[in-house]
There are 2 protein chains.
Amino acid sequence: MPRSASDRPTLALVAQRAGVSVSTASLAFSGAGPITSETRDRVLAAATELGYHGPNPLGRQLRSGRCGIVGVVLGDNPGRAFRDPVSIRVLDGLMEVLGEHRLGVLLIPGNQPQSIAPLDPLVASAAMDVAVLIWGALPDDPNLAALGRRGVPVVLCGEQTLPGVPVVRIDDRAGAAEAVRHLTELGHTRIAEITLPLDVWGAHSGVVTAARIAEATVMVTVARLAGFRDVIEPVITWEASASFVEHGREAALSILGEWVPASQRPTAIFAQTDQLAAGAVIAARELGLRVPEDVSIVGFDGLDLPWLSPDVLTSVHQPLRAKGVAMGQAVVGLLAGEEPQVVTLPTQLIEGTTTTKAEG
Amino acid sequence: MPRSASDRPTLALVAQRAGVSVSTASLAFSGAGPITSETRDRVLAAATELGYHGPNPLGRQLRSGRCGIVGVVLGDNPGRAFRDPVSIRVLDGLMEVLGEHRLGVLLIPGNQPQSIAPLDPLVASAAMDVAVLIWGALPDDPNLAALGRRGVPVVLCGEQTLPGVPVVRIDDRAGAAEAVRHLTELGHTRIAEITLPLDVWGAHSGVVTAARIAEATVMVTVARLAGFRDVIEPVITWEASASFVEHGREAALSILGEWVPASQRPTAIFAQTDQLAAGAVIAARELGLRVPEDVSIVGFDGLDLPWLSPDVLTSVHQPLRAKGVAMGQAVVGLLAGEEPQVVTLPTQLIEGTTTTKAEG
DNA sequence: TTGAAAGCGCTAACAA
DNA sequence: TTGTTAGCGCTTTCAA
């Protein structure tokens with residue numbers, strides 16, 4: 001029967017029973033000092049008798065000043081972060097590295113625009129040695145400020161760089177440009193754009209104007225928008241309220257709908273994420289358009305989407321898992337007192353079956 | 001500039017500067033006792049001057065004996081748990097409740113059959129007030145034993161019940177039976193089965209014999225297998241190595257393949273999860289079979305699968321988010337010293353477009 | 001090789 | 001209302 005946490009034996013009790021001092025007993029468990037194997041055995045035996053199973057982590061933590069926990073600030077409410085295959089892959093890589101170093105991951109909900117409290121109480125008061133912001137959305141993230149005040153070192157992911165702070169990033173702008181250039185090189189000129197939300201609220205959805213685009217605050221979105229325009233001006237830009245297949249589908253249904261004269265219909269779409277692009281493929285199918293003959297579609301992320309079969313999405317692949325791994329290594333480096341670095345990981349356009357030459 | 005954690009001011013320093021005692025300063029922050037607003041202001045002012053931003057959680061934790069952290073033991077390696085939409089929905093609900101109670105979620109990898117270490121070091125030594133096993137796979141889970149030894153109270157999810165331990169569950173057996181009964185009532189008699197892994201290794205895949213089925217250890221699988229057999233004997237059982245669409249597809253390609261004479265081909269499939277069932281739908285399409293006219297397909301979980309469009313999976317819906325919420329409430333109840341309960345949540349078969357009457 | 005003593009930073013009795 | 005005192009459980013000098 002599990003004891004309640006309150007009546008657990010302490011190291012002092014074990015030491016007493018073994019007839020040694022507390023400090024000696026401590027050595028028996030930590031193994032960090034000289035101790036007779038005989039003494040150790042006696043301590044361990046006493047521990048077993050008392051049902052003592054190792055030092056209380058809380059005491060150890062207070063003493064060492066470290067708690068072995070890395071706070072991972074998610075970019076959105078956790079439900080969404082979990083549902084987002086991109087975040088998940090990153091988390092996967094991150095947890096792998098941290099696990100190897102015996103560091104635990106404390107999940108912390110990030111920006112909660114609809115809520116009254118701008119930041120989760122955990123940000124302000126949970127014990128953690130380092131915090132990782134896996135989705136660096138805003139230039140002036142309140143989480144970042146709060147953690148800075150507390151003196152919790154951080155690792156960032158994304159466009160933002162800060163002196164003394166390790167950052168893991170990809171070149172979103174160049175990646176987007178590569179995707180669009182692929183389309184222009186195939187002869188496309190009427191290219192539509194489906195974007196991620198322009199602000200953290202994610203309340204907006206639909207065709208957006210140049211004015212709104214100029215006001216975009218989410219840095220990933222901003223970078224990918226810029227990349228598009230480095231190559232050509234889109235014929236239409238549709239803002240999705242989140243990176244979900246369904247939203248991509250809605251966007252493409254509007255962009256490619258029957259009310260658009262075939263002569264003016266975009267011949268290609270660049271969607272800022274694979275989820276959105278996949279939705280666009282589905283919409284095209286529903287509208288009776290052939291992919292890629294009638295409409296070419298490019299995504300961003302390089303997700304594995306078996307259910308899109310037989311199509312394979314042409315996409316700008318980014319090393320999501322490696323991103324997480326790099327952030328984990330940055331955390332470990334930070335704790336080891338190494339110099340913070342900015343790591344830029346490569347992206348690569350990989351052609352699938354959803355893009356081809358423009359007709360005529 | 002973020003200070004390093006080591007040179008942070010302490011409450012003692014703040015008290016000294018404010019010209020009050022440490023305990024008074026403590027009251028100024030906790031608000032848990034009588035204190036003049038004037039004194040509090042003086043303390044707060046001193047804190048600001050020193051750049052002190054609230055009590056160190058480590059000290060507070062040691063004193064109170066609580067750390068405000070709930071360990072969530074995932075059923076598998078975290079990468080998979082994240083990729084599994086079922087776990088994700090449960091986690092979502094769980095985090096919502098825990099967040100409301102200012103409890104943090106520490107992710108802990110669960111069973112790692114391929115690794116040498118049977119359990120994650122976090123299970124043995126991370127600070128946590130309660131642990132939640134969200135995927136109670138085995139009757140003799142090593143995590144459960146380790147946590148019990150440490151005196152960490154646990155909340156379970158699944159088939160297993162233990163005295164004094166809160167459990168959240170659904171009736172997997174009845175749910176599976178309902179799915180299969182739906183098929184028999186439609187006139188189907190040749191019904192195939194695609195199961196979850198029978199053991200935690202997940203190394204096996206393919207047609208399985210009654211002997212192997214009898215050895216199944218994963219409790220969810222066992223319950224759903226039993227539910228099927230409460231209604232009728234399957235004509236064939238295929239074990240998937242994990243709940244992925246791709247595996248369901250492979251299974252169905254074999255079950256429905258051209259080498260099976262049409263007269264002997266199963267007219268219906270019950271897959272133990274929606275992911276597997278969705279894979280079966282895709283396989284059927286690839287084989288040129290009509291769903292549901294040529295083959296009816298039922299799943300389990302009630303996931304939203306927009307990309308399966310235009311099909312909507314007939315499925316036994318279980319309240320995944322509510323499961324997480326119930327576990328969160330169980331955690332809170334446990335911490336409040338309430339009596340542990342076994343909560344059984346309802347399931348419901350909801351017809352989509354993937355089942356219809358057996359022909360002839 | 002072991003033990004004594006001094007905290008890590010905070011909170012909560014209790015006394016003033 | 002504020003201060004004094006005594007730890008929470010552990011680690012780590014330093015001395016024996």
# chains A, B, ... in the order shown; residues from 1 in each chain; ligands from 1
>>> select_by_dssp(residues="region 156-319 of chain A", states="helix (DSSP H, G or I)", output="PyMOL selection string")
chain A and resi 172-185+210-214+219-231+245-256+274-286+306-308
>>> calpha_fit_and_write(fixed="chain A", moving="chain B", output="short mmCIF file (atom, residue, chain, number, x, y, z; two decimals) with C-alpha atoms, in the first residue's frame")
data_model
loop_
_atom_site.label_atom_id
_atom_site.label_comp_id
_atom_site.auth_asym_id
_atom_site.auth_seq_id
_atom_site.Cartn_x
_atom_site.Cartn_y
_atom_site.Cartn_z
CA MET B 1 0.35 -0.09 0.02
CA PRO B 2 1.63 3.32 -1.04
CA ARG B 3 2.36 5.51 1.94
CA SER B 4 1.15 9.04 1.82
CA ALA B 5 3.94 11.44 1.06
CA SER B 6 3.74 13.02 4.49
CA ASP B 7 4.94 10.17 6.63
CA ARG B 8 7.92 9.22 4.56
CA PRO B 9 11.14 8.46 6.36
CA THR B 10 13.98 10.95 6.00
CA LEU B 11 17.65 10.56 5.51
CA ALA B 12 18.16 11.50 9.14
CA LEU B 13 16.06 8.57 10.25
CA VAL B 14 17.94 6.19 8.04
CA ALA B 15 21.26 7.50 9.33
CA GLN B 16 20.12 7.11 12.88
CA ARG B 17 19.04 3.54 12.31
CA ALA B 18 22.26 2.68 10.52
CA GLY B 19 24.22 4.28 13.31
CA VAL B 20 25.98 6.79 11.03
CA SER B 21 25.79 10.52 10.51
CA VAL B 22 23.41 12.10 8.05
CA SER B 23 26.19 13.18 5.75
CA THR B 24 27.55 9.67 5.58
CA ALA B 25 24.13 8.39 4.73
CA SER B 26 23.95 11.02 2.03
CA LEU B 27 27.17 9.72 0.54
CA ALA B 28 25.76 6.21 0.51
CA PHE B 29 23.05 7.38 -1.87
CA SER B 30 24.84 9.94 -3.97
CA GLY B 31 28.01 7.93 -4.37
CA ALA B 32 29.82 11.24 -4.64
CA GLY B 33 32.42 10.62 -1.96
CA PRO B 34 34.61 8.05 -0.25
CA ILE B 35 32.69 5.49 1.73
CA THR B 36 33.30 1.91 2.81
CA SER B 37 31.15 -0.55 0.98
CA GLU B 38 30.39 -2.01 4.37
CA THR B 39 29.04 1.30 5.64
CA ARG B 40 27.08 1.83 2.50
CA ASP B 41 25.51 -1.58 2.82
CA ARG B 42 24.53 -0.83 6.38
CA VAL B 43 22.89 2.43 5.30
CA LEU B 44 21.12 0.79 2.41
CA ALA B 45 19.89 -1.98 4.67
CA ALA B 46 18.53 0.53 7.13
CA ALA B 47 16.85 2.34 4.27
CA THR B 48 15.19 -0.82 3.09
CA GLU B 49 13.95 -1.63 6.56
CA LEU B 50 12.44 1.81 6.89
CA GLY B 51 11.04 1.83 3.40
CA TYR B 52 13.20 4.75 2.39
CA HIS B 53 13.60 4.96 -1.36
CA GLY B 54 16.16 7.64 -2.05
CA PRO B 55 16.58 11.28 -1.14
CA ASN B 56 13.65 13.63 -1.37
CA PRO B 57 14.13 15.59 -4.58
CA LEU B 58 12.81 18.75 -2.95
CA GLY B 59 15.56 18.88 -0.36
CA ARG B 60 18.18 18.08 -2.93
CA GLN B 61 16.88 20.78 -5.23
CA LEU B 62 16.91 23.48 -2.63
CA ARG B 63 20.45 22.62 -1.74
CA SER B 64 21.78 22.40 -5.27
CA GLY B 65 19.73 25.30 -6.58
CA ARG B 66 18.69 23.19 -9.53
CA CYS B 67 15.56 21.23 -10.08
CA GLY B 68 16.30 19.38 -13.30
CA ILE B 69 13.24 20.76 -14.97
CA VAL B 70 13.02 22.58 -18.26
CA GLY B 71 9.91 24.66 -18.81
CA VAL B 72 8.61 24.39 -22.34
CA VAL B 73 6.41 27.30 -23.23
CA LEU B 74 4.00 26.25 -25.93
CA GLY B 75 2.98 28.70 -28.54
CA ASP B 76 -0.68 28.51 -27.93
CA ASN B 77 -3.13 26.71 -25.74
CA PRO B 78 -1.74 23.25 -25.15
CA GLY B 79 -4.59 21.55 -26.88
CA ARG B 80 -3.66 23.16 -30.11
CA ALA B 81 0.03 22.71 -29.63
CA PHE B 82 -0.59 19.00 -29.24
CA ARG B 83 -2.79 18.89 -32.27
CA ASP B 84 -0.18 20.62 -34.36
CA PRO B 85 2.08 18.03 -35.97
CA VAL B 86 4.81 20.61 -36.37
CA SER B 87 5.08 21.39 -32.65
CA ILE B 88 4.83 17.73 -31.85
CA ARG B 89 7.82 16.78 -33.94
CA VAL B 90 9.85 19.56 -32.38
CA LEU B 91 8.82 18.49 -28.88
CA ASP B 92 9.76 14.97 -29.73
CA GLY B 93 13.34 15.91 -30.57
CA LEU B 94 13.56 18.22 -27.61
CA MET B 95 12.42 15.61 -25.13
CA GLU B 96 14.85 13.10 -26.50
CA VAL B 97 17.86 15.26 -25.74
CA LEU B 98 16.58 16.46 -22.41
CA GLY B 99 15.71 12.93 -21.38
CA GLU B 100 19.26 11.81 -22.07
CA HIS B 101 20.45 14.49 -19.69
CA ARG B 102 17.92 13.55 -17.03
CA LEU B 103 16.02 16.77 -17.46
CA GLY B 104 12.27 16.76 -17.21
CA VAL B 105 9.89 18.72 -19.41
CA LEU B 106 7.33 20.92 -17.74
CA LEU B 107 4.66 21.97 -20.20
CA ILE B 108 3.54 25.55 -19.96
CA PRO B 109 0.71 27.05 -21.98
CA GLY B 110 1.96 30.04 -23.90
CA ASN B 111 0.12 33.03 -25.27
CA GLN B 112 -3.51 33.01 -24.31
CA PRO B 113 -4.87 35.97 -26.17
CA GLN B 114 -8.50 35.31 -25.36
CA SER B 115 -7.87 34.95 -21.65
CA ILE B 116 -7.59 37.78 -19.17
CA ALA B 117 -4.26 36.69 -17.75
CA PRO B 118 -1.57 37.38 -20.32
CA LEU B 119 0.64 34.63 -19.01
CA ASP B 120 0.36 31.34 -17.27
CA PRO B 121 1.15 31.40 -13.55
CA LEU B 122 3.69 28.66 -14.13
CA VAL B 123 5.81 31.09 -16.09
CA ALA B 124 5.96 33.36 -13.10
CA SER B 125 6.46 30.85 -10.37
CA ALA B 126 7.20 27.27 -11.36
CA ALA B 127 10.61 25.90 -10.52
CA MET B 128 12.70 25.44 -13.64
CA ASP B 129 16.33 25.67 -14.58
CA VAL B 130 15.76 26.86 -18.13
CA ALA B 131 12.77 27.76 -20.25
CA VAL B 132 12.35 26.99 -23.93
CA LEU B 133 10.00 29.08 -26.04
CA ILE B 134 9.33 26.67 -28.86
CA TRP B 135 7.19 29.01 -30.84
CA GLY B 136 8.66 32.47 -30.68
CA ALA B 137 5.72 34.34 -32.03
CA LEU B 138 5.98 37.94 -31.02
CA PRO B 139 8.77 40.47 -30.88
CA ASP B 140 7.70 41.45 -27.37
CA ASP B 141 6.65 38.19 -25.84
CA PRO B 142 5.37 38.67 -22.28
CA ASN B 143 6.65 35.23 -21.34
CA LEU B 144 10.13 36.26 -22.31
CA ALA B 145 9.95 39.35 -20.16
CA ALA B 146 8.61 37.48 -17.15
CA LEU B 147 11.25 34.80 -17.38
CA GLY B 148 13.95 37.42 -17.78
CA ARG B 149 12.81 39.15 -14.62
CA ARG B 150 12.91 35.88 -12.73
CA GLY B 151 16.40 35.23 -13.97
CA VAL B 152 15.41 32.04 -15.76
CA PRO B 153 17.63 31.60 -18.80
CA VAL B 154 15.77 30.93 -22.04
CA VAL B 155 16.23 29.23 -25.37
CA LEU B 156 14.32 30.67 -28.29
CA CYS B 157 13.02 29.24 -31.51
CA GLY B 158 12.27 31.41 -34.45
CA GLU B 159 13.05 34.70 -36.03
CA GLN B 160 13.81 36.68 -32.93
CA THR B 161 17.39 36.96 -31.72
CA LEU B 162 18.48 38.43 -28.42
CA PRO B 163 21.93 39.05 -27.07
CA GLY B 164 23.05 36.28 -24.77
CA VAL B 165 20.16 34.02 -25.70
CA PRO B 166 20.55 30.82 -27.72
CA VAL B 167 18.28 30.67 -30.74
CA VAL B 168 17.37 27.84 -33.08
CA ARG B 169 15.87 28.89 -36.36
CA ILE B 170 15.39 28.16 -40.02
CA ASP B 171 15.43 30.67 -42.80
CA ASP B 172 11.68 30.97 -43.24
CA ARG B 173 11.97 33.75 -45.75
CA ALA B 174 14.40 31.95 -48.00
CA GLY B 175 12.37 28.77 -47.71
CA ALA B 176 9.19 30.49 -48.80
CA ALA B 177 11.04 32.16 -51.63
CA GLU B 178 12.35 28.82 -52.79
CA ALA B 179 8.85 27.40 -52.88
CA VAL B 180 7.50 30.28 -54.92
CA ARG B 181 10.50 30.34 -57.21
CA HIS B 182 9.87 26.68 -57.92
CA LEU B 183 6.42 27.69 -59.13
CA THR B 184 7.60 30.60 -61.24
CA GLU B 185 10.24 28.45 -62.82
CA LEU B 186 7.48 26.07 -63.82
CA GLY B 187 5.89 28.99 -65.62
CA HIS B 188 3.27 29.96 -63.07
CA THR B 189 2.42 33.63 -62.77
CA ARG B 190 -1.00 33.61 -61.14
CA ILE B 191 -0.02 32.28 -57.75
CA ALA B 192 -2.28 32.44 -54.72
CA GLU B 193 -1.11 32.48 -51.12
CA ILE B 194 -2.60 30.90 -48.01
CA THR B 195 -0.99 32.30 -44.90
CA LEU B 196 -0.76 31.43 -41.26
CA PRO B 197 -2.50 33.87 -38.91
CA LEU B 198 -1.01 37.35 -39.06
CA ASP B 199 -1.56 37.98 -35.38
CA VAL B 200 -1.69 35.79 -32.29
CA TRP B 201 -5.40 36.19 -31.92
CA GLY B 202 -6.12 34.00 -34.91
CA ALA B 203 -9.57 35.46 -35.09
CA HIS B 204 -9.28 36.69 -38.64
CA SER B 205 -9.87 34.59 -41.70
CA GLY B 206 -10.34 35.40 -45.35
CA VAL B 207 -8.83 37.53 -48.08
CA VAL B 208 -6.48 40.12 -46.71
CA THR B 209 -5.31 43.45 -48.03
CA ALA B 210 -1.80 44.78 -48.31
CA ALA B 211 -2.57 47.07 -45.39
CA ARG B 212 -3.33 44.20 -43.09
CA ILE B 213 -0.33 42.29 -44.30
CA ALA B 214 1.82 45.25 -43.38
CA GLU B 215 0.53 45.00 -39.83
CA ALA B 216 1.34 41.31 -39.39
CA THR B 217 3.05 40.58 -36.09
CA VAL B 218 3.62 36.82 -36.00
CA MET B 219 7.21 36.56 -37.05
CA VAL B 220 7.06 33.25 -38.85
CA THR B 221 4.17 34.48 -40.94
CA VAL B 222 5.92 37.74 -41.67
CA ALA B 223 9.05 35.98 -42.84
CA ARG B 224 7.18 33.63 -45.15
CA LEU B 225 5.09 36.45 -46.55
CA ALA B 226 8.27 38.33 -47.34
CA GLY B 227 9.81 35.29 -48.99
CA PHE B 228 6.85 35.03 -51.36
CA ARG B 229 7.21 38.68 -52.34
CA ASP B 230 10.92 38.32 -52.91
CA VAL B 231 9.95 36.34 -56.00
CA ILE B 232 6.60 37.59 -57.21
CA GLU B 233 3.45 39.31 -56.00
CA PRO B 234 0.63 36.88 -55.14
CA VAL B 235 -2.62 37.35 -57.02
CA ILE B 236 -4.55 36.81 -53.83
CA THR B 237 -3.69 36.24 -50.18
CA TRP B 238 -5.97 34.32 -47.87
CA GLU B 239 -5.38 34.31 -44.14
CA ALA B 240 -6.19 31.12 -42.28
CA SER B 241 -7.08 31.36 -38.61
CA ALA B 242 -4.87 28.39 -37.75
CA SER B 243 -2.77 25.75 -39.42
CA PHE B 244 -5.45 23.14 -39.88
CA VAL B 245 -6.34 21.10 -42.93
CA GLU B 246 -9.89 22.30 -42.74
CA HIS B 247 -8.84 25.92 -42.94
CA GLY B 248 -6.66 25.27 -45.95
CA ARG B 249 -9.60 23.59 -47.58
CA GLU B 250 -11.89 26.55 -46.96
CA ALA B 251 -9.29 28.93 -48.27
CA ALA B 252 -8.77 26.98 -51.47
CA LEU B 253 -12.49 26.52 -52.03
CA SER B 254 -12.75 30.29 -52.14
CA ILE B 255 -9.63 30.86 -54.14
CA LEU B 256 -10.45 28.24 -56.75
CA GLY B 257 -14.25 28.30 -56.60
CA GLU B 258 -16.49 28.14 -59.65
CA TRP B 259 -17.26 31.83 -59.49
CA VAL B 260 -13.69 32.54 -60.45
CA PRO B 261 -13.42 32.61 -64.27
CA ALA B 262 -11.05 29.86 -65.37
CA SER B 263 -8.92 32.42 -67.17
CA GLN B 264 -8.32 34.27 -63.92
CA ARG B 265 -8.10 31.31 -61.61
CA PRO B 266 -4.72 30.94 -59.95
CA THR B 267 -2.72 28.13 -61.51
CA ALA B 268 -0.76 27.58 -58.35
CA ILE B 269 -1.02 28.00 -54.58
CA PHE B 270 1.70 28.41 -52.03
CA ALA B 271 0.42 27.59 -48.56
CA GLN B 272 2.57 28.50 -45.60
CA THR B 273 2.17 25.09 -44.02
CA ASP B 274 1.64 21.55 -45.22
CA GLN B 275 -1.59 21.30 -43.29
CA LEU B 276 -3.00 24.23 -45.18
CA ALA B 277 -1.59 22.94 -48.44
CA ALA B 278 -3.14 19.54 -47.85
CA GLY B 279 -6.47 21.22 -47.30
CA ALA B 280 -5.99 22.99 -50.61
CA VAL B 281 -5.35 19.68 -52.37
CA ILE B 282 -8.55 18.27 -50.91
CA ALA B 283 -10.49 21.36 -51.96
CA ALA B 284 -9.14 21.12 -55.48
CA ARG B 285 -10.24 17.50 -55.70
CA GLU B 286 -13.68 18.44 -54.45
CA LEU B 287 -13.93 21.14 -57.11
CA GLY B 288 -13.08 18.60 -59.79
CA LEU B 289 -9.74 20.21 -60.51
CA ARG B 290 -6.77 18.03 -61.27
CA VAL B 291 -3.71 18.38 -59.09
CA PRO B 292 -1.23 19.33 -60.39
CA GLU B 293 -2.46 19.77 -63.98
CA ASP B 294 -5.10 22.38 -63.16
CA VAL B 295 -3.52 23.71 -60.02
CA SER B 296 -0.08 23.23 -58.54
CA ILE B 297 0.22 23.31 -54.77
CA VAL B 298 3.27 23.79 -52.57
CA GLY B 299 3.43 23.57 -48.79
CA PHE B 300 5.95 24.23 -46.08
CA ASP B 301 7.24 21.90 -43.32
CA GLY B 302 7.70 18.56 -45.01
CA LEU B 303 5.19 16.58 -43.00
CA ASP B 304 4.45 13.00 -43.82
CA LEU B 305 0.85 12.96 -45.02
CA PRO B 306 0.03 9.39 -46.02
CA TRP B 307 -3.67 10.08 -46.12
CA LEU B 308 -3.15 12.53 -48.97
CA SER B 309 -2.30 9.48 -51.05
CA PRO B 310 -1.89 9.11 -53.98
CA ASP B 311 -0.62 12.68 -53.92
CA VAL B 312 2.64 13.57 -52.28
CA LEU B 313 2.88 17.20 -51.40
CA THR B 314 5.64 19.32 -52.88
CA SER B 315 6.96 21.10 -49.85
CA VAL B 316 9.77 23.03 -48.26
CA HIS B 317 11.07 20.51 -45.78
CA GLN B 318 12.39 21.79 -42.50
CA PRO B 319 14.15 19.54 -40.00
CA LEU B 320 11.54 19.65 -37.26
CA ARG B 321 12.93 16.96 -35.06
CA ALA B 322 16.41 18.40 -35.46
CA LYS B 323 15.03 21.73 -34.35
CA GLY B 324 13.95 20.16 -31.11
CA VAL B 325 17.26 18.38 -30.74
CA ALA B 326 19.15 21.62 -31.31
CA MET B 327 17.05 23.36 -28.69
CA GLY B 328 17.72 20.55 -26.27
CA GLN B 329 21.43 20.90 -26.90
CA ALA B 330 21.16 24.62 -26.38
CA VAL B 331 19.55 23.97 -23.00
CA VAL B 332 22.30 21.60 -21.99
CA GLY B 333 24.92 24.04 -23.19
CA LEU B 334 23.33 26.84 -21.24
CA LEU B 335 23.38 24.77 -18.06
CA ALA B 336 27.00 23.90 -18.70
CA GLY B 337 27.83 27.58 -18.96
CA GLU B 338 28.69 27.55 -22.64
CA GLU B 339 28.39 30.55 -24.90
CA PRO B 340 24.92 30.93 -26.40
CA GLN B 341 24.74 30.48 -30.14
CA VAL B 342 22.34 31.13 -32.97
CA VAL B 343 21.83 27.92 -34.91
CA THR B 344 20.26 28.09 -38.35
CA LEU B 345 19.06 24.78 -39.74
CA PRO B 346 18.70 24.12 -43.46
CA THR B 347 15.47 23.84 -45.42
CA GLN B 348 15.02 22.05 -48.69
CA LEU B 349 12.32 22.04 -51.32
CA ILE B 350 11.35 18.49 -52.15
CA GLU B 351 9.16 17.90 -55.15
CA GLY B 352 6.18 15.64 -54.76
CA THR B 353 3.35 15.10 -57.19
CA THR B 354 1.45 18.31 -56.57
CA THR B 355 3.38 20.68 -58.81
CA THR B 356 3.92 20.74 -62.54
CA LYS B 357 4.41 23.13 -65.44
CA ALA B 358 1.85 25.82 -66.02
CA GLU B 359 -0.34 24.97 -69.00
CA GLY B 360 -0.12 26.94 -72.21
#
>>> atom_distance(atom1="C1' of DG7 (chain D)", atom2="C1' of DA4 (chain C)")
18.1 Å
>>> interface_residues(of="chain D", to="chain A", cutoff="10 Å", atoms="only C-alpha atoms (C1' of nucleotides)", output="list in words")
DC8, DG9, DC10, DT11 and DT12 of chain D
>>> write_last_selection(atoms="C-alpha atoms (C1' of nucleotides)", output="PDB file, in the first residue's frame")
ATOM      1  C1'  DC D   8      11.310  21.408   5.680  1.00  0.00           C
ATOM      2  C1'  DG D   9      15.419  17.284   3.819  1.00  0.00           C
ATOM      3  C1'  DC D  10      19.352  17.484   1.928  1.00  0.00           C
ATOM      4  C1'  DT D  11      24.477  18.413   0.638  1.00  0.00           C
ATOM      5  C1'  DT D  12      28.938  19.956   1.568  1.00  0.00           C
TER       6       DT D  12
END
>>> interface_residues(of="chain C", to="chain B", cutoff="9 Å", atoms="only C-alpha atoms (C1' of nucleotides)", output="VMD selection string")
chain C and resid 8 to 12
>>> atom_distance(atom1="C1' of DG7 (chain C)", atom2="C1' of DA15 (chain D)")
17.2 Å
>>> select_by_dssp(residues="region 9-225 of chain B", states="strand (DSSP E or B)", output="JSON, numbers by chain")
{"B": [69, 70, 71, 72, 73, 104, 105, 106, 107, 108, 130, 131, 132, 133, 154, 155, 156, 157, 167, 168, 169, 170, 191, 192, 193, 194, 195, 206, 207]}
